[in-house]
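One file, final-v2.pdb, is given below (PDB, C-alpha atoms, pLDDT in the B column).
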ATOM      1  CA  MET W   1      -2.861 -39.224  -2.143  1.00 49.00           C
ATOM      2  CA  LEU W   2      -0.064 -36.773  -1.288  1.00 52.00           C
ATOM      3  CA  LEU W   3       1.827 -37.931  -4.364  1.00 56.00           C
ATOM      4  CA  ILE W   4      -1.138 -36.985  -6.518  1.00 58.00           C
ATOM      5  CA  ILE W   5      -1.417 -33.565  -4.877  1.00 57.00           C
ATOM      6  CA  PHE W   6       2.290 -32.787  -5.173  1.00 56.00           C
ATOM      7  CA  SER W   7       2.807 -34.399  -8.606  1.00 61.00           C
ATOM      8  CA  THR W   8       3.273 -30.944 -10.092  1.00 58.00           C
ATOM      9  CA  PHE W   9       6.252 -30.329  -7.803  1.00 57.00           C
ATOM     10  CA  ALA W  10       8.074 -33.531  -8.828  1.00 57.00           C
ATOM     11  CA  SER W  11       6.957 -35.366  -5.712  1.00 52.00           C
ATOM     12  CA  GLU W  12       9.347 -38.277  -6.170  1.00 59.00           C
ATOM     13  CA  SER W  13      12.197 -35.944  -5.211  1.00 68.00           C
ATOM     14  CA  LEU W  14      10.320 -34.486  -2.231  1.00 74.00           C
ATOM     15  CA  SER W  15      11.304 -35.783   1.144  1.00 82.00           C
ATOM     16  CA  THR W  16       8.938 -36.406   4.013  1.00 85.00           C
ATOM     17  CA  SER W  17       9.986 -33.165   5.688  1.00 87.00           C
ATOM     18  CA  ALA W  18       9.233 -31.217   2.481  1.00 85.00           C
ATOM     19  CA  ILE W  19       5.763 -32.750   2.292  1.00 87.00           C
ATOM     20  CA  ILE W  20       5.166 -31.903   5.968  1.00 91.00           C
ATOM     21  CA  GLY W  21       6.401 -28.346   5.319  1.00 90.00           C
ATOM     22  CA  TYR W  22       4.059 -27.880   2.362  1.00 89.00           C
ATOM     23  CA  GLY W  23       1.209 -29.299   4.439  1.00 92.00           C
ATOM     24  CA  LEU W  24       1.920 -26.892   7.284  1.00 94.00           C
ATOM     25  CA  LEU W  25       2.083 -23.986   4.841  1.00 90.00           C
ATOM     26  CA  LEU W  26      -1.203 -24.974   3.245  1.00 92.00           C
ATOM     27  CA  SER W  27      -2.907 -25.461   6.616  1.00 93.00           C
ATOM     28  CA  THR W  28      -1.637 -22.062   7.803  1.00 90.00           C
ATOM     29  CA  VAL W  29      -3.006 -20.305   4.720  1.00 89.00           C
ATOM     30  CA  VAL W  30      -6.360 -22.073   5.164  1.00 91.00           C
ATOM     31  CA  ALA W  31      -6.436 -21.179   8.884  1.00 91.00           C
ATOM     32  CA  VAL W  32      -5.738 -17.515   8.127  1.00 89.00           C
ATOM     33  CA  ALA W  33      -8.361 -17.516   5.357  1.00 89.00           C
ATOM     34  CA  LEU W  34     -10.985 -18.824   7.777  1.00 91.00           C
ATOM     35  CA  SER W  35     -10.034 -16.462  10.616  1.00 89.00           C
ATOM     36  CA  SER W  36     -10.959 -12.830  11.126  1.00 88.00           C
ATOM     37  CA  GLN W  37      -7.436 -11.867  10.046  1.00 86.00           C
ATOM     38  CA  ARG W  38      -7.942 -12.866   6.403  1.00 85.00           C
ATOM     39  CA  TRP W  39      -6.910  -9.373   5.297  1.00 88.00           C
ATOM     40  CA  LEU W  40      -3.336 -10.570   5.943  1.00 88.00           C
ATOM     41  CA  LEU W  41      -3.658 -12.755   2.865  1.00 88.00           C
ATOM     42  CA  TRP W  42      -3.937  -9.597   0.743  1.00 90.00           C
ATOM     43  CA  TYR W  43      -0.422  -8.654   1.917  1.00 90.00           C
ATOM     44  CA  LEU W  44       0.773 -12.134   1.037  1.00 88.00           C
ATOM     45  CA  PHE W  45      -0.784 -12.109  -2.432  1.00 90.00           C
ATOM     46  CA  GLY W  46       0.234  -8.486  -2.995  1.00 92.00           C
ATOM     47  CA  GLY W  47       3.836  -9.315  -2.172  1.00 92.00           C
ATOM     48  CA  MET W  48       3.777 -12.265  -4.553  1.00 92.00           C
ATOM     49  CA  ALA W  49       2.263 -10.119  -7.332  1.00 94.00           C
ATOM     50  CA  TYR W  50       4.861  -7.400  -6.723  1.00 94.00           C
ATOM     51  CA  TRP W  51       7.745  -9.854  -6.914  1.00 93.00           C
ATOM     52  CA  LEU W  52       6.250 -11.393 -10.053  1.00 94.00           C
ATOM     53  CA  ALA W  53       6.227  -7.890 -11.584  1.00 93.00           C
ATOM     54  CA  VAL W  54       9.869  -7.373 -10.523  1.00 94.00           C
ATOM     55  CA  GLU W  55      10.792 -10.699 -12.116  1.00 93.00           C
ATOM     56  CA  MET W  56       9.031  -9.723 -15.335  1.00 94.00           C
ATOM     57  CA  ILE W  57      10.833  -6.367 -15.428  1.00 94.00           C
ATOM     58  CA  HIS W  58      14.094  -8.173 -14.657  1.00 93.00           C
ATOM     59  CA  SER W  59      13.611 -10.584 -17.556  1.00 92.00           C
ATOM     60  CA  LEU W  60      12.876  -7.663 -19.898  1.00 92.00           C
ATOM     61  CA  VAL W  61      15.941  -5.761 -18.687  1.00 92.00           C
ATOM     62  CA  THR W  62      18.201  -8.787 -19.133  1.00 91.00           C
ATOM     63  CA  HIS W  63      16.712  -9.361 -22.588  1.00 91.00           C
ATOM     64  CA  TRP W  64      17.281  -5.757 -23.722  1.00 92.00           C
ATOM     65  CA  PHE W  65      20.613  -4.976 -22.041  1.00 90.00           C
ATOM     66  CA  VAL W  66      23.766  -6.932 -21.318  1.00 88.00           C
ATOM     67  CA  TRP W  67      24.154  -6.340 -17.605  1.00 87.00           C
ATOM     68  CA  SER W  68      25.055  -8.618 -14.767  1.00 89.00           C
ATOM     69  CA  GLU W  69      22.324 -10.368 -12.802  1.00 88.00           C
ATOM     70  CA  TRP W  70      22.788  -8.041  -9.844  1.00 91.00           C
ATOM     71  CA  HIS W  71      22.653  -4.852 -11.917  1.00 93.00           C
ATOM     72  CA  SER W  72      19.540  -5.940 -13.759  1.00 92.00           C
ATOM     73  CA  TYR W  73      17.786  -6.717 -10.450  1.00 93.00           C
ATOM     74  CA  VAL W  74      18.728  -3.282  -9.115  1.00 93.00           C
ATOM     75  CA  VAL W  75      17.354  -1.639 -12.262  1.00 94.00           C
ATOM     76  CA  ALA W  76      14.191  -3.770 -12.075  1.00 94.00           C
ATOM     77  CA  MET W  77      13.635  -2.759  -8.437  1.00 94.00           C
ATOM     78  CA  GLY W  78      14.193   0.896  -9.345  1.00 95.00           C
ATOM     79  CA  ILE W  79      11.714   0.690 -12.203  1.00 95.00           C
ATOM     80  CA  SER W  80       9.182  -1.019  -9.939  1.00 94.00           C
ATOM     81  CA  TRP W  81       9.497   1.858  -7.446  1.00 95.00           C
ATOM     82  CA  LEU W  82       8.732   4.536 -10.048  1.00 96.00           C
ATOM     83  CA  PRO W  83       4.910   4.259  -9.679  1.00 93.00           C
ATOM     84  CA  LEU W  84       5.259   4.509  -5.892  1.00 92.00           C
ATOM     85  CA  GLY W  85       7.441   7.610  -6.251  1.00 94.00           C
ATOM     86  CA  ALA W  86       4.953   9.186  -8.663  1.00 94.00           C
ATOM     87  CA  TRP W  87       2.066   8.462  -6.292  1.00 91.00           C
ATOM     88  CA  VAL W  88       3.904   9.936  -3.287  1.00 89.00           C
ATOM     89  CA  LEU W  89       4.816  13.032  -5.305  1.00 89.00           C
ATOM     90  CA  TYR W  90       1.196  13.417  -6.435  1.00 86.00           C
ATOM     91  CA  ARG W  91      -0.068  13.122  -2.864  1.00 82.00           C
ATOM     92  CA  ALA W  92       2.539  15.586  -1.590  1.00 79.00           C
ATOM     93  CA  LEU W  93       1.707  18.186  -4.230  1.00 78.00           C
ATOM     94  CA  ARG W  94      -2.042  17.686  -4.036  1.00 74.00           C
ATOM     95  CA  TYR W  95      -2.812  17.337  -0.355  1.00 70.00           C
ATOM     96  CA  GLU W  96       0.064  18.811   1.626  1.00 60.00           C
ATOM     97  CA  ASP W  97       1.218  22.371   2.238  1.00 57.00           C
ATOM     98  CA  VAL W  98       3.777  22.041  -0.554  1.00 58.00           C
ATOM     99  CA  SER W  99       1.186  23.075  -3.119  1.00 65.00           C
ATOM    100  CA  ARG W 100       0.460  26.803  -3.392  1.00 72.00           C
ATOM    101  CA  SER W 101      -3.001  26.197  -4.839  1.00 74.00           C
ATOM    102  CA  MET W 102      -3.949  24.126  -1.788  1.00 73.00           C
ATOM    103  CA  ILE W 103      -2.697  26.880   0.543  1.00 76.00           C
ATOM    104  CA  GLN W 104      -4.789  29.471  -1.325  1.00 80.00           C
ATOM    105  CA  GLU W 105      -7.822  27.197  -1.278  1.00 79.00           C
ATOM    106  CA  ARG W 106      -7.511  26.676   2.488  1.00 76.00           C
ATOM    107  CA  GLU W 107      -7.182  30.423   3.058  1.00 79.00           C
ATOM    108  CA  LEU W 108     -10.357  31.039   1.021  1.00 79.00           C
ATOM    109  CA  GLN W 109     -12.234  28.401   2.989  1.00 76.00           C
ATOM    110  CA  ALA W 110     -11.044  29.894   6.282  1.00 73.00           C
ATOM    111  CA  ALA W 111     -12.167  33.347   5.163  1.00 70.00           C
ATOM    112  CA  ARG W 112     -15.671  32.058   4.388  1.00 68.00           C
ATOM    113  CA  TYR W 113     -16.189  30.714   7.892  1.00 66.00           C
ATOM    114  CA  ILE W 114     -17.434  33.345  10.307  1.00 61.00           C
ATOM    115  CA  GLU W 115     -17.729  32.590  13.955  1.00 64.00           C
ATOM    116  CA  HIS W 116     -21.294  32.951  15.225  1.00 64.00           C
ATOM    117  CA  THR W 117     -20.649  32.901  18.953  1.00 60.00           C
ATOM    118  CA  PRO W 118     -22.368  35.902  20.594  1.00 65.00           C
ATOM    119  CA  VAL W 119     -20.380  38.198  22.846  1.00 64.00           C
ATOM    120  CA  TYR W 120     -22.082  38.946  26.190  1.00 68.00           C
ATOM    121  CA  ASP W 121     -21.529  41.573  28.860  1.00 71.00           C
ATOM    122  CA  ASP W 122     -20.287  40.628  32.317  1.00 72.00           C
ATOM    123  CA  ASP W 123     -23.741  41.031  33.910  1.00 74.00           C
ATOM    124  CA  TYR W 124     -25.602  38.888  31.362  1.00 74.00           C
ATOM    125  CA  GLN W 125     -28.262  36.642  32.877  1.00 75.00           C
ATOM    126  CA  PRO W 126     -29.728  33.955  30.579  1.00 73.00           C
ATOM    127  CA  ARG W 127     -33.519  33.732  30.457  1.00 74.00           C
ATOM    128  CA  PHE W 128     -33.673  29.992  30.910  1.00 71.00           C
ATOM    129  CA  HIS W 129     -31.763  28.257  33.677  1.00 60.00           C
TER
END

Is it possible to express this structure as structure tokens?
Amino acid sequence: MLLIIFSTFASESLSTSAIIGYGLLLSTVVAVALSSQRWLLWYLFGGMAYWLAVEMIHSLVTHWFVWSEWHSYVVAMGISWLPLGAWVLYRALRYEDVSRSMIQERELQAARYIEHTPVYDDDYQPRFH
């Protein structure tokens, strides 16, 4: 039965320890999927999707340019970080004090709020105790 399951991975070359390792990996993923910590699988799948994107960028870079393997991986990682850099820059300019428009908007909002706490004399006695 295990040979049928692992026939895609060329199971005749797999040793017993490799089959046990794959079984442990599969059982761990199933255990995490059934637990309350299944959100951890999103990190796992996200990491795999990210590395797949890096590999795709790497294959395009090696197809277009004649660079060494190491240089093309560095360029692929740099290209993959560009959307993250753009997002961080957008958040910094939009929501932090770096943006002048946000500072002006906050000052206008602060000017609209008027405190409505009454000021009493020292001998004030409330009607209801």

* To do: Excluding Trp42 (chain W) and residues on its chain fewer than 6 positions from it, collect all residues at most 12 Å away from it, counting all atoms listed in the file, and give them as number ranges by chain.
  => W: 29, 32-33, 48-50

* Using CA of Val74 (chain W) and CA of Phe45 (chain W) as the two end points, give the distance in Å to one decimal. =>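 Between these atoms lies a distance of 22.4 Å.
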
* Asked: What do you get, as a PyMOL selection string, if you spell out every residue that the PyMOL selection byres ((chain W and resi 57) around 10) selects here?
  -> chain W and resi 51-56+58-63+72-73+75-77+79-80

* Asked: Can you tell me how far CA of Tyr90 (chain W) sits from CA of Ala110 (chain W), in Å to one decimal?
  -> 24.1 Å

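Around Thr28 (chain W), within 12 Å and counting all atoms listed in the file, the residues found are Gly21, Tyr22, Gly23, Leu24, Val32, Ala33, Leu34, Ser35, Gln37, Arg38, Leu40 and Leu41 of chain W, once anything fewer than 4 positions away on its own chain is removed.
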